[in-house]
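Engineer: Provided below: work.tsv, containing TSV, C-alpha atoms (C1' of nucleotides) and all ligand atoms.
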```
chain	number	residue	atom	x	y	z
A	1	MET	CA	16.10	-8.62	-32.73
A	2	ALA	CA	16.83	-5.36	-34.47
A	3	HIS	CA	19.69	-4.35	-32.23
A	4	SER	CA	21.69	-5.36	-29.20
A	5	HIS	CA	20.08	-4.72	-25.87
A	6	ILE	CA	23.32	-4.64	-24.00
A	7	ASP	CA	23.73	-1.12	-25.30
A	8	ALA	CA	21.69	1.84	-24.17
A	9	CYS	CA	18.11	1.76	-25.36
A	10	PRO	CA	16.08	4.79	-24.30
A	11	GLY	CA	13.11	4.01	-22.14
A	12	CYS	CA	14.04	0.36	-21.92
A	13	GLU	CA	17.63	-0.24	-20.89
A	14	VAL	CA	17.75	3.21	-19.34
A	15	PRO	CA	14.34	3.29	-17.80
A	16	ASP	CA	14.73	6.70	-16.26
A	17	LEU	CA	14.13	7.91	-19.78
A	18	ALA	CA	10.55	6.85	-19.32
A	19	PHE	CA	10.14	10.57	-18.67
A	20	ALA	CA	11.63	11.49	-22.04
A	21	ALA	CA	10.18	11.03	-25.51
A	22	HIS	CA	11.22	7.65	-26.80
A	23	ASP	CA	10.19	4.77	-29.02
A	24	HIS	CA	7.76	3.22	-26.61
A	25	ALA	CA	6.50	0.61	-29.03
A	26	HIS	CA	10.00	-0.73	-28.83
A	27	CYS	CA	10.01	-0.66	-25.00
A	28	SER	CA	6.80	-2.55	-24.93
A	29	ALA	CA	7.56	-5.14	-27.59
A	30	ASP	CA	10.95	-5.82	-26.13
A	31	ALA	CA	9.70	-6.27	-22.59
A	32	LEU	CA	7.00	-8.62	-23.83
A	33	ALA	CA	9.50	-10.69	-25.77
A	34	ARG	CA	11.75	-10.93	-22.75
A	35	ALA	CA	8.81	-11.89	-20.58
A	36	GLU	CA	7.85	-14.69	-22.94
A	37	ALA	CA	11.39	-16.02	-23.01
A	38	LEU	CA	11.69	-15.84	-19.25
A	39	VAL	CA	8.45	-17.64	-18.60
A	40	ALA	CA	9.23	-20.36	-21.13
A	41	GLU	CA	12.65	-20.85	-19.58
A	42	LYS	CA	11.05	-21.43	-16.21
A	43	GLY	CA	8.56	-23.92	-17.62
A	44	LEU	CA	5.65	-21.63	-16.73
A	45	ARG	CA	2.80	-20.45	-18.88
A	46	LEU	CA	2.05	-16.96	-20.10
A	47	THR	CA	-1.63	-17.68	-20.58
A	48	PRO	CA	-3.95	-15.35	-22.52
A	49	VAL	CA	-5.13	-13.44	-19.43
A	50	ARG	CA	-1.63	-13.09	-18.06
A	51	ARG	CA	-0.23	-12.04	-21.37
A	52	ARG	CA	-3.01	-9.55	-21.95
A	53	VAL	CA	-2.55	-8.02	-18.49
A	54	LEU	CA	1.13	-7.60	-19.20
A	55	GLU	CA	0.35	-5.97	-22.54
A	56	ILE	CA	-2.07	-3.59	-20.86
A	57	LEU	CA	0.51	-2.61	-18.26
A	58	LEU	CA	3.10	-2.18	-20.98
A	59	GLU	CA	0.99	0.33	-22.88
A	60	GLU	CA	2.35	3.19	-20.83
A	61	HIS	CA	4.95	4.00	-18.22
A	62	ARG	CA	2.21	4.30	-15.66
A	63	ALA	CA	0.75	2.22	-12.90
A	64	LEU	CA	-2.75	0.79	-13.17
A	65	GLY	CA	-5.01	-0.27	-10.34
A	66	ALA	CA	-6.21	-3.86	-10.31
A	67	TYR	CA	-9.73	-2.69	-11.05
A	68	ASP	CA	-8.59	-0.63	-14.02
A	69	VAL	CA	-6.98	-3.76	-15.41
A	70	LEU	CA	-10.08	-5.74	-14.60
A	71	THR	CA	-12.30	-3.32	-16.52
A	72	ARG	CA	-10.12	-3.75	-19.58
A	73	LEU	CA	-10.14	-7.52	-19.26
A	74	ALA	CA	-13.88	-7.69	-18.82
A	75	ALA	CA	-14.40	-5.56	-21.94
A	76	GLU	CA	-12.35	-8.09	-23.85
A	77	GLY	CA	-14.34	-11.10	-22.78
A	78	PHE	CA	-12.27	-12.32	-19.84
A	79	GLY	CA	-13.80	-12.79	-16.43
A	80	ASN	CA	-15.02	-9.65	-14.72
A	81	GLN	CA	-14.43	-10.51	-11.09
A	82	PRO	CA	-11.52	-9.17	-9.02
A	83	PRO	CA	-9.62	-12.46	-8.67
A	84	VAL	CA	-9.18	-12.58	-12.44
A	85	ALA	CA	-7.12	-9.42	-12.34
A	86	TYR	CA	-5.40	-10.06	-9.03
A	87	ARG	CA	-4.29	-13.53	-9.99
A	88	ALA	CA	-2.73	-12.39	-13.22
A	89	LEU	CA	-1.09	-9.44	-11.49
A	90	ASP	CA	0.21	-11.65	-8.69
A	91	PHE	CA	1.68	-14.05	-11.21
A	92	LEU	CA	3.39	-11.25	-13.09
A	93	GLU	CA	4.76	-9.79	-9.90
A	94	GLU	CA	6.06	-13.14	-8.66
A	95	GLN	CA	7.85	-13.70	-11.94
A	96	GLY	CA	9.34	-10.21	-11.89
A	97	LEU	CA	7.35	-9.10	-14.92
A	98	ALA	CA	5.44	-6.42	-13.05
A	99	HIS	CA	5.91	-4.43	-9.89
A	100	ARG	CA	3.48	-3.29	-7.27
A	101	ILE	CA	3.66	0.41	-6.49
A	102	ARG	CA	2.55	0.59	-2.91
A	103	ARG	CA	2.07	4.31	-2.72
A	104	LEU	CA	-0.46	4.07	-5.54
A	105	ASN	CA	-2.01	0.70	-4.76
A	106	ALA	CA	-1.27	-0.06	-8.37
A	107	PHE	CA	0.88	-2.12	-10.69
A	108	THR	CA	3.37	-1.28	-13.40
A	109	ALA	CA	5.11	-3.43	-15.98
A	110	CYS	CA	8.74	-4.23	-15.46
A	111	MET	CA	10.67	-2.72	-18.35
A	112	HIS	CA	13.65	-5.03	-18.07
A	113	PRO	CA	12.43	-8.40	-16.91
A	114	GLY	CA	14.97	-11.08	-16.32
A	115	GLU	CA	17.71	-8.73	-15.26
A	116	ALA	CA	18.39	-9.10	-11.58
A	117	HIS	CA	17.27	-5.83	-10.14
A	118	ALA	CA	16.03	-4.48	-6.87
A	119	PRO	CA	13.66	-1.88	-8.11
A	120	ALA	CA	13.36	1.73	-6.98
A	121	PHE	CA	10.60	3.82	-8.46
A	122	LEU	CA	10.24	7.46	-9.33
A	123	ILE	CA	6.59	8.48	-9.38
A	124	CYS	CA	5.70	11.81	-10.99
A	125	ARG	CA	2.67	13.38	-9.35
A	126	GLY	CA	2.25	15.64	-12.37
A	127	CYS	CA	1.93	13.18	-15.23
A	128	ASN	CA	1.68	9.94	-13.22
A	129	VAL	CA	4.58	8.37	-15.05
A	130	VAL	CA	6.42	5.72	-13.07
A	131	ALA	CA	10.07	5.05	-13.84
A	132	GLU	CA	12.40	2.43	-12.52
A	133	ALA	CA	15.62	3.92	-11.29
A	134	PRO	CA	18.96	2.23	-10.73
A	135	ALA	CA	18.61	1.06	-7.16
A	136	ALA	CA	21.77	-0.86	-6.40
A	137	PRO	CA	23.42	1.97	-4.44
A	138	VAL	CA	20.18	2.64	-2.61
A	139	MET	CA	19.84	-1.00	-1.67
A	140	ALA	CA	23.44	-1.07	-0.55
A	141	ALA	CA	22.88	1.88	1.77
A	142	LEU	CA	19.74	0.26	3.13
A	143	GLN	CA	21.61	-3.00	3.73
A	144	VAL	CA	24.19	-1.10	5.72
A	145	ALA	CA	21.55	0.62	7.84
A	146	ALA	CA	19.79	-2.68	8.47
A	147	GLY	CA	22.97	-4.60	9.08
A	148	GLN	CA	23.90	-2.33	11.99
A	149	SER	CA	21.03	-3.78	13.96
A	150	GLY	CA	21.45	-7.31	12.64
A	151	PHE	CA	18.31	-7.10	10.55
A	152	VAL	CA	18.26	-9.24	7.40
A	153	ILE	CA	16.37	-7.74	4.47
A	154	GLU	CA	14.31	-10.03	2.30
A	155	ARG	CA	12.27	-7.61	0.23
A	156	SER	CA	12.26	-3.87	0.04
A	157	THR	CA	10.05	-1.07	-1.14
A	158	ILE	CA	11.74	2.05	-2.43
A	159	GLU	CA	9.51	4.67	-3.97
A	160	ALA	CA	10.03	8.38	-4.50
A	161	LEU	CA	7.20	10.78	-5.24
A	162	GLY	CA	7.97	14.06	-6.93
A	163	LEU	CA	8.10	15.83	-10.24
A	164	CYS	CA	9.71	14.72	-13.46
A	165	PRO	CA	11.63	17.25	-15.57
A	166	ASN	CA	8.68	17.97	-17.86
A	167	CYS	CA	6.29	18.59	-15.02
A	168	GLN	CA	8.76	20.85	-13.24
A	169	VAL	CA	8.74	23.12	-16.27
A	170	ALA	CA	4.97	23.05	-16.43
A	171	ALA	CA	4.77	24.15	-12.79
B	172	MET	CA	14.12	14.85	32.25
B	173	ALA	CA	16.11	12.08	33.84
B	174	HIS	CA	18.97	12.21	31.39
B	175	SER	CA	20.20	13.90	28.26
B	176	HIS	CA	18.68	12.74	25.04
B	177	ILE	CA	21.56	13.84	22.93
B	178	ASP	CA	23.32	10.73	24.12
B	179	ALA	CA	22.41	7.23	23.10
B	180	CYS	CA	19.11	6.04	24.53
B	181	PRO	CA	18.23	2.49	23.56
B	182	GLY	CA	15.00	2.11	21.69
B	183	CYS	CA	14.52	5.85	21.48
B	184	GLU	CA	17.55	7.73	20.20
B	185	VAL	CA	18.83	4.58	18.55
B	186	PRO	CA	15.59	3.24	17.24
B	187	ASP	CA	17.12	0.19	15.65
B	188	LEU	CA	17.23	-1.11	19.18
B	189	ALA	CA	13.50	-1.42	18.98
B	190	PHE	CA	14.42	-5.04	18.30
B	191	ALA	CA	16.36	-5.30	21.54
B	192	ALA	CA	15.11	-5.37	25.10
B	193	HIS	CA	14.92	-1.81	26.38
B	194	ASP	CA	13.08	0.51	28.71
B	195	HIS	CA	10.11	1.03	26.51
B	196	ALA	CA	8.15	3.04	29.04
B	197	HIS	CA	10.89	5.56	28.60
B	198	CYS	CA	10.65	5.45	24.79
B	199	SER	CA	6.99	6.05	24.97
B	200	ALA	CA	6.94	8.77	27.59
B	201	ASP	CA	9.73	10.63	25.92
B	202	ALA	CA	8.16	10.53	22.47
B	203	LEU	CA	4.90	11.76	23.92
B	204	ALA	CA	6.61	14.63	25.71
B	205	ARG	CA	8.39	15.62	22.54
B	206	ALA	CA	5.17	15.44	20.59
B	207	GLU	CA	3.41	17.73	23.04
B	208	ALA	CA	6.23	20.25	22.89
B	209	LEU	CA	6.30	20.14	19.12
B	210	VAL	CA	2.59	20.63	18.72
B	211	ALA	CA	2.51	23.49	21.23
B	212	GLU	CA	5.39	25.15	19.45
B	213	LYS	CA	3.46	25.08	16.20
B	214	GLY	CA	0.34	26.50	17.83
B	215	LEU	CA	-1.59	23.32	17.11
B	216	ARG	CA	-3.67	21.23	19.43
B	217	LEU	CA	-3.02	17.72	20.65
B	218	THR	CA	-6.67	17.05	21.42
B	219	PRO	CA	-7.84	14.06	23.46
B	220	VAL	CA	-8.43	11.80	20.45
B	221	ARG	CA	-5.15	12.73	18.82
B	222	ARG	CA	-3.24	12.30	22.03
B	223	ARG	CA	-4.89	8.98	22.75
B	224	VAL	CA	-4.14	7.69	19.27
B	225	LEU	CA	-0.53	8.64	19.70
B	226	GLU	CA	-0.42	6.89	23.06
B	227	ILE	CA	-1.92	3.77	21.53
B	228	LEU	CA	0.65	3.76	18.74
B	229	LEU	CA	3.41	4.33	21.28
B	230	GLU	CA	2.49	1.25	23.29
B	231	GLU	CA	4.64	-0.96	21.10
B	232	HIS	CA	7.17	-0.81	18.31
B	233	ARG	CA	4.56	-2.12	15.94
B	234	ALA	CA	2.24	-0.75	13.31
B	235	LEU	CA	-1.51	-0.68	13.86
B	236	GLY	CA	-4.18	-0.54	11.20
B	237	ALA	CA	-6.61	2.36	11.31
B	238	TYR	CA	-9.39	0.00	12.28
B	239	ASP	CA	-7.37	-1.45	15.14
B	240	VAL	CA	-6.93	2.06	16.46
B	241	LEU	CA	-10.60	2.77	15.89
B	242	THR	CA	-11.64	-0.26	17.92
B	243	ARG	CA	-9.55	0.96	20.82
B	244	LEU	CA	-10.96	4.48	20.56
B	245	ALA	CA	-14.53	3.26	20.39
B	246	ALA	CA	-14.02	1.13	23.49
B	247	GLU	CA	-12.91	4.25	25.31
B	248	GLY	CA	-15.92	6.32	24.39
B	249	PHE	CA	-14.64	8.16	21.35
B	250	GLY	CA	-16.47	8.00	18.04
B	251	ASN	CA	-16.58	4.62	16.37
B	252	GLN	CA	-16.59	5.58	12.73
B	253	PRO	CA	-13.55	5.37	10.44
B	254	PRO	CA	-13.00	9.12	10.02
B	255	VAL	CA	-12.39	9.44	13.75
B	256	ALA	CA	-9.32	7.25	13.46
B	257	TYR	CA	-8.19	8.43	10.04
B	258	ARG	CA	-8.37	12.08	10.97
B	259	ALA	CA	-6.27	11.63	14.06
B	260	LEU	CA	-3.79	9.44	12.18
B	261	ASP	CA	-3.58	11.94	9.34
B	262	PHE	CA	-2.91	14.74	11.79
B	263	LEU	CA	-0.18	12.78	13.49
B	264	GLU	CA	1.40	11.88	10.20
B	265	GLU	CA	1.31	15.44	8.90
B	266	GLN	CA	3.00	16.65	12.07
B	267	GLY	CA	5.65	13.95	11.88
B	268	LEU	CA	4.41	12.23	15.02
B	269	ALA	CA	3.47	9.02	13.25
B	270	HIS	CA	4.42	7.30	10.03
B	271	ARG	CA	2.38	5.30	7.58
B	272	ILE	CA	3.83	1.90	6.75
B	273	ARG	CA	2.61	1.28	3.24
B	274	ARG	CA	3.52	-2.36	3.05
B	275	LEU	CA	1.29	-3.01	6.05
B	276	ASN	CA	-1.45	-0.45	5.42
B	277	ALA	CA	-0.78	0.59	8.98
B	278	PHE	CA	0.63	3.32	11.16
B	279	THR	CA	3.44	3.47	13.66
B	280	ALA	CA	4.46	6.15	16.16
B	281	CYS	CA	7.52	8.20	15.39
B	282	MET	CA	10.05	7.53	18.11
B	283	HIS	CA	11.97	10.76	17.65
B	284	PRO	CA	9.53	13.46	16.63
B	285	GLY	CA	10.89	16.87	15.90
B	286	GLU	CA	14.19	15.64	14.61
B	287	ALA	CA	14.46	16.18	10.90
B	288	HIS	CA	14.51	12.72	9.49
B	289	ALA	CA	13.61	10.99	6.30
B	290	PRO	CA	12.38	7.72	7.65
B	291	ALA	CA	13.36	4.24	6.52
B	292	PHE	CA	11.67	1.30	8.15
B	293	LEU	CA	12.72	-2.22	9.01
B	294	ILE	CA	9.71	-4.48	9.31
B	295	CYS	CA	10.20	-7.88	10.93
B	296	ARG	CA	7.85	-10.48	9.48
B	297	GLY	CA	8.49	-12.70	12.50
B	298	CYS	CA	7.50	-10.48	15.41
B	299	ASN	CA	5.96	-7.59	13.46
B	300	VAL	CA	8.20	-5.05	15.11
B	301	VAL	CA	8.80	-1.94	13.04
B	302	ALA	CA	12.00	0.02	13.56
B	303	GLU	CA	13.12	3.30	12.10
B	304	ALA	CA	16.58	3.05	10.63
B	305	PRO	CA	19.03	5.85	9.85
B	306	ALA	CA	18.01	6.77	6.35
B	307	ALA	CA	20.20	9.69	5.40
B	308	PRO	CA	22.63	7.62	3.29
B	309	VAL	CA	19.72	5.79	1.69
B	310	MET	CA	18.04	9.06	0.81
B	311	ALA	CA	21.28	10.41	-0.56
B	312	ALA	CA	21.65	7.42	-2.86
B	313	LEU	CA	18.06	7.79	-3.97
B	314	GLN	CA	18.57	11.49	-4.67
B	315	VAL	CA	21.53	10.62	-6.87
B	316	ALA	CA	19.54	8.04	-8.81
B	317	ALA	CA	16.67	10.47	-9.27
B	318	GLY	CA	18.90	13.41	-10.09
B	319	GLN	CA	20.36	11.58	-13.06
B	320	SER	CA	17.04	11.87	-14.82
B	321	GLY	CA	16.24	15.34	-13.50
B	322	PHE	CA	13.55	14.03	-11.18
B	323	VAL	CA	12.94	16.05	-8.01
B	324	ILE	CA	11.94	14.01	-4.99
B	325	GLU	CA	9.34	15.42	-2.64
B	326	ARG	CA	8.46	12.44	-0.49
B	327	SER	CA	9.82	8.95	-0.33
B	328	THR	CA	8.87	5.56	0.96
B	329	ILE	CA	11.66	3.28	2.09
B	330	GLU	CA	10.63	0.05	3.75
B	331	ALA	CA	12.53	-3.20	4.20
B	332	LEU	CA	10.82	-6.46	5.09
B	333	GLY	CA	12.84	-9.22	6.69
B	334	LEU	CA	13.85	-10.79	9.96
B	335	CYS	CA	15.15	-9.12	13.08
B	336	PRO	CA	18.01	-10.75	15.02
B	337	ASN	CA	15.69	-12.47	17.49
B	338	CYS	CA	13.50	-13.95	14.81
B	339	GLN	CA	16.50	-15.18	12.83
B	340	VAL	CA	17.51	-17.26	15.82
B	341	ALA	CA	13.99	-18.58	16.26
B	342	ALA	CA	13.95	-19.72	12.62
C	343	DC	C1'	-21.77	36.62	24.35
C	344	DT	C1'	-21.19	36.17	19.62
C	345	DT	C1'	-18.58	34.98	15.80
C	346	DG	C1'	-15.55	32.19	13.18
C	347	DA	C1'	-12.35	28.54	12.92
C	348	DC	C1'	-11.38	24.16	14.07
C	349	DA	C1'	-12.48	19.65	15.59
C	350	DT	C1'	-15.56	15.80	16.14
C	351	DG	C1'	-19.52	12.87	15.20
C	352	DT	C1'	-22.18	10.46	11.82
C	353	DT	C1'	-24.05	8.56	7.54
C	354	DA	C1'	-23.01	6.72	3.51
C	355	DT	C1'	-20.17	5.00	0.02
C	356	DA	C1'	-15.84	4.15	-2.56
C	357	DT	C1'	-11.78	1.51	-3.23
C	358	DT	C1'	-8.74	-2.31	-2.69
C	359	DA	C1'	-8.16	-7.19	-1.74
C	360	DT	C1'	-9.00	-12.13	-0.52
C	361	DA	C1'	-11.45	-16.63	0.82
C	362	DA	C1'	-13.77	-20.46	-0.88
C	363	DC	C1'	-15.49	-23.37	-4.17
C	364	DA	C1'	-17.05	-24.77	-9.02
C	365	DT	C1'	-15.63	-25.39	-13.64
C	366	DT	C1'	-12.67	-25.62	-17.33
C	367	DT	C1'	-8.29	-26.36	-19.66
C	368	DA	C1'	-3.87	-28.16	-20.27
C	369	DT	C1'	-0.38	-31.79	-19.36
C	370	DA	C1'	1.32	-36.59	-18.29
C	371	DC	C1'	0.86	-41.14	-18.53
C	372	DC	C1'	-0.91	-45.35	-20.17
D	373	DG	C1'	-7.17	-41.62	-27.97
D	374	DG	C1'	-8.56	-41.91	-23.04
D	375	DT	C1'	-8.01	-41.22	-18.43
D	376	DA	C1'	-5.72	-39.19	-14.16
D	377	DT	C1'	-3.63	-35.08	-12.44
D	378	DA	C1'	-2.42	-30.54	-11.95
D	379	DA	C1'	-3.01	-25.87	-13.20
D	380	DA	C1'	-5.68	-22.08	-14.40
D	381	DT	C1'	-9.95	-19.65	-14.69
D	382	DG	C1'	-14.62	-18.38	-13.44
D	383	DT	C1'	-17.79	-17.07	-9.89
D	384	DT	C1'	-19.93	-15.88	-5.49
D	385	DA	C1'	-19.38	-13.70	-1.52
D	386	DT	C1'	-17.16	-10.97	1.79
D	387	DA	C1'	-13.27	-8.64	4.11
D	388	DA	C1'	-10.30	-4.76	4.76
D	389	DT	C1'	-8.98	-0.13	3.87
D	390	DA	C1'	-10.22	4.64	2.92
D	391	DT	C1'	-12.84	8.96	1.84
D	392	DA	C1'	-16.83	12.29	0.74
D	393	DA	C1'	-20.23	15.05	2.64
D	394	DC	C1'	-22.62	17.16	6.05
D	395	DA	C1'	-24.30	17.95	11.00
D	396	DT	C1'	-22.95	19.09	15.49
D	397	DG	C1'	-20.09	20.54	19.00
D	398	DT	C1'	-16.05	23.15	21.17
D	399	DC	C1'	-13.04	26.83	21.94
D	400	DA	C1'	-10.65	31.09	21.74
D	401	DA	C1'	-10.68	36.01	19.91
D	402	DG	C1'	-12.83	40.10	19.65
E	1	ZN	ZN	8.70	3.28	-23.07
E	2	ZN	ZN	5.71	14.23	-14.92
E	3	ZN	ZN	10.74	1.29	22.88
E	4	ZN	ZN	11.36	-10.11	14.81
```
Please express the file's structure as structure tokens.
Structural biologist:
Amino acid sequence: MAHSHIDACPGCEVPDLAFAAHDHAHCSADALARAEALVAEKGLRLTPVRRRVLEILLEEHRALGAYDVLTRLAAEGFGNQPPVAYRALDFLEEQGLAHRIRRLNAFTACMHPGEAHAPAFLICRGCNVVAEAPAAPVMAALQVAAGQSGFVIERSTIEALGLCPNCQVAA
Amino acid sequence: MAHSHIDACPGCEVPDLAFAAHDHAHCSADALARAEALVAEKGLRLTPVRRRVLEILLEEHRALGAYDVLTRLAAEGFGNQPPVAYRALDFLEEQGLAHRIRRLNAFTACMHPGEAHAPAFLICRGCNVVAEAPAAPVMAALQVAAGQSGFVIERSTIEALGLCPNCQVAA
DNA sequence: CTTGACATGTTATATTATAACATTTATACC
DNA sequence: GGTATAAATGTTATAATATAACATGTCAAG
């Protein structure tokens, strides 16, 4: 690889910078490479459909609906029925390579697959960009709130809707 | 009212106790009374459908799908088409009398309407109970995470899926 | 009592998601 | 290589969730 990914890497290691101008080709290529490594390591297969769906999601810091993905797949000669898209998306989500954004009924690529992370998302209603934010403190606070009633958290959904810096200026 | 609601009131003022045995008739009656007061104060109308939908949601600490609500309404002589349920649910949500649980595509009554609160939800996958948890610290942490990238939060979704104390024992 | 705003009823359709089964493709073993 | 096995994909059909658009009804103000 061209450089260390332990260090800051706009739009990739510091995903909040999804809102800022950055070398997105790098984001995308890097996430794909990590995904391939991760899947190989687990003895799983990043088949053509799965890989293509991931590439499509990686094109932008946005979330795509399953049917948007399906349209793209169909145009490229893959199956054109919903399960084709849903199965690939489900696989990617299970492997932590994509995330479901519940507020949007849509999916977005994970920009740092392999790193243990409980994701929190910032969704801009102006430009539709979706960014992953550092969620450890948020999760910790949620654990505390849950723990007070003896509730054990298994999965959590943390999504914030609002305006990114650019879109605040525009408004 | 029978007692002060500033003090602790299981299942109502301390909604995490939705998981515990409590006087739920009290929960329900109190939330409904508050809702009526709140709506009157705003010069809005808690019409028969809206009121009935709220009552239905208040029956249990669970979330109901719009079509579940619709079935109930239809059986009681209200309209039997989706907009009847969705409009009432949307009204209740806008007025803070009900909350949408995105993970479940369902709606749950707010157990302390009128109090300013950014809701966080604990969803038990064993018994399907949904509890509101104190979310201020969670929101604060999320604000910090968002603020670092200049993102301004307008609305947020915080939902945790897991097991309540009872269901942990059962498992 | 009429007007205007709000609420409800109704028809139709859009959007999102899954069940069930057939077919193909890749892997494991001989 | 050739078969058994598992995994993935394709396909048909349908379920579940949600909204657009317009007609009708209700209510309170003037
Ligand atoms: Zn990028
Ligand atoms: Zn934006
Ligand atoms: Zn209760
Ligand atoms: Zn439970």
Engineer: Taking all atoms listed in the file into account, which residues have an atom no farther than 7 Å from ligand ZN 3 (chain E)? I'd like them as a list in words.
Structural biologist: Gly182, Cys183, Ala189, His193, Asp194, His195, Ala196, Cys198, Ser199, Glu231 and His232 of chain B
Engineer: Those residues with C-alpha atoms, as a PDB file, in the frame of the given file please?
Structural biologist:
```pdb
ATOM      1  CA  GLY B 182      15.000   2.110  21.690  1.00  0.00           C
ATOM      2  CA  CYS B 183      14.520   5.850  21.480  1.00  0.00           C
ATOM      3  CA  ALA B 189      13.500  -1.420  18.980  1.00  0.00           C
ATOM      4  CA  HIS B 193      14.920  -1.810  26.380  1.00  0.00           C
ATOM      5  CA  ASP B 194      13.080   0.510  28.710  1.00  0.00           C
ATOM      6  CA  HIS B 195      10.110   1.030  26.510  1.00  0.00           C
ATOM      7  CA  ALA B 196       8.150   3.040  29.040  1.00  0.00           C
ATOM      8  CA  CYS B 198      10.650   5.450  24.790  1.00  0.00           C
ATOM      9  CA  SER B 199       6.990   6.050  24.970  1.00  0.00           C
ATOM     10  CA  GLU B 231       4.640  -0.960  21.100  1.00  0.00           C
ATOM     11  CA  HIS B 232       7.170  -0.810  18.310  1.00  0.00           C
TER      12      HIS B 232
END
```
Engineer: Step by step, measure atom-to-atom distances between ligand ZN 2 (chain E) and each residue using only C-alpha atoms (C1' of nucleotides) and all ligand atoms, keep those at most 12 Å, then write them as a ChimeraX atom specification.
Structural biologist: /A:16-21,61-62,122-131,161-171 /B:320-324
Engineer: Could you turn the residues from that selection into a file that holds C-alpha atoms, as a PDB file, keeping the file's coordinate frame?
Structural biologist:
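Output (result-v7.pdb):
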```
ATOM      1  CA  ASP A  16      14.730   6.700 -16.260  1.00  0.00           C
ATOM      2  CA  LEU A  17      14.130   7.910 -19.780  1.00  0.00           C
ATOM      3  CA  ALA A  18      10.550   6.850 -19.320  1.00  0.00           C
ATOM      4  CA  PHE A  19      10.140  10.570 -18.670  1.00  0.00           C
ATOM      5  CA  ALA A  20      11.630  11.490 -22.040  1.00  0.00           C
ATOM      6  CA  ALA A  21      10.180  11.030 -25.510  1.00  0.00           C
ATOM      7  CA  HIS A  61       4.950   4.000 -18.220  1.00  0.00           C
ATOM      8  CA  ARG A  62       2.210   4.300 -15.660  1.00  0.00           C
ATOM      9  CA  LEU A 122      10.240   7.460  -9.330  1.00  0.00           C
ATOM     10  CA  ILE A 123       6.590   8.480  -9.380  1.00  0.00           C
ATOM     11  CA  CYS A 124       5.700  11.810 -10.990  1.00  0.00           C
ATOM     12  CA  ARG A 125       2.670  13.380  -9.350  1.00  0.00           C
ATOM     13  CA  GLY A 126       2.250  15.640 -12.370  1.00  0.00           C
ATOM     14  CA  CYS A 127       1.930  13.180 -15.230  1.00  0.00           C
ATOM     15  CA  ASN A 128       1.680   9.940 -13.220  1.00  0.00           C
ATOM     16  CA  VAL A 129       4.580   8.370 -15.050  1.00  0.00           C
ATOM     17  CA  VAL A 130       6.420   5.720 -13.070  1.00  0.00           C
ATOM     18  CA  ALA A 131      10.070   5.050 -13.840  1.00  0.00           C
ATOM     19  CA  LEU A 161       7.200  10.780  -5.240  1.00  0.00           C
ATOM     20  CA  GLY A 162       7.970  14.060  -6.930  1.00  0.00           C
ATOM     21  CA  LEU A 163       8.100  15.830 -10.240  1.00  0.00           C
ATOM     22  CA  CYS A 164       9.710  14.720 -13.460  1.00  0.00           C
ATOM     23  CA  PRO A 165      11.630  17.250 -15.570  1.00  0.00           C
ATOM     24  CA  ASN A 166       8.680  17.970 -17.860  1.00  0.00           C
ATOM     25  CA  CYS A 167       6.290  18.590 -15.020  1.00  0.00           C
ATOM     26  CA  GLN A 168       8.760  20.850 -13.240  1.00  0.00           C
ATOM     27  CA  VAL A 169       8.740  23.120 -16.270  1.00  0.00           C
ATOM     28  CA  ALA A 170       4.970  23.050 -16.430  1.00  0.00           C
ATOM     29  CA  ALA A 171       4.770  24.150 -12.790  1.00  0.00           C
TER      30      ALA A 171
ATOM     31  CA  SER B 320      17.040  11.870 -14.820  1.00  0.00           C
ATOM     32  CA  GLY B 321      16.240  15.340 -13.500  1.00  0.00           C
ATOM     33  CA  PHE B 322      13.550  14.030 -11.180  1.00  0.00           C
ATOM     34  CA  VAL B 323      12.940  16.050  -8.010  1.00  0.00           C
ATOM     35  CA  ILE B 324      11.940  14.010  -4.990  1.00  0.00           C
TER      36      ILE B 324
END
```
Engineer: Expressed in Å to a single decimal, how great is the separation between atom CA of Phe262 of chain B and atom CA of Val240 of chain B?
Structural biologist: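 Taking atom CA of Phe262 of chain B and atom CA of Val240 of chain B, their separation equals 14.1 Å.
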Engineer: Would you list the contacts of Ala133 of chain A as a ChimeraX atom specification, taking every protein, DNA or RNA residue within 10 Å and counting all atoms listed in the file, but skipping same-chain residues closer than 3 positions in sequence?
Structural biologist: /A:14-18,117-122,130,136,138,158-160 /B:313,315-317,319-320
Engineer: How close does each residue of segment 64-152 of chain A get to segment 348-372 of chain C, giving the shortest atom pair and distance in Å to one decimal for every residue with an atom at most 9 Å away, counting all atoms listed in the file, sorted by chain and residue number, as a tab-separated table?
Structural biologist:
```
residue	atom	partner	partner_atom	distance
A:Gly65	CA	C:DT358	C1'	8.8
A:Ala66	CA	C:DT358	C1'	8.2
A:Tyr67	CA	C:DT358	C1'	8.4
A:Pro82	CA	C:DA359	C1'	8.3
A:Pro83	CA	C:DT360	C1'	8.2
A:Tyr86	CA	C:DA359	C1'	8.3
A:Asn105	CA	C:DT358	C1'	7.7
```
Engineer: Suppose you want the space between atom CA of Leu89 of chain A and atom CA of Ser327 of chain B; what is it in Å?
Structural biologist: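 Separation between atom CA of Leu89 of chain A and atom CA of Ser327 of chain B: 24.1 Å.
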Engineer: Can you pull out the residues contacting Thr242 of chain B? Cut-off 10 Å, using only C-alpha atoms (C1' of nucleotides), and skip same-chain residues under 3 positions away; I want them as a VMD selection string.
Structural biologist: chain B and resid 237 to 239 245 to 247 249 to 253 256
Engineer: What is the atom CA of Ala206 of chain B to atom CA of Leu268 of chain B distance in Å?
Structural biologist: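 So the two atoms, atom CA of Ala206 of chain B and atom CA of Leu268 of chain B, lie 6.5 Å apart.
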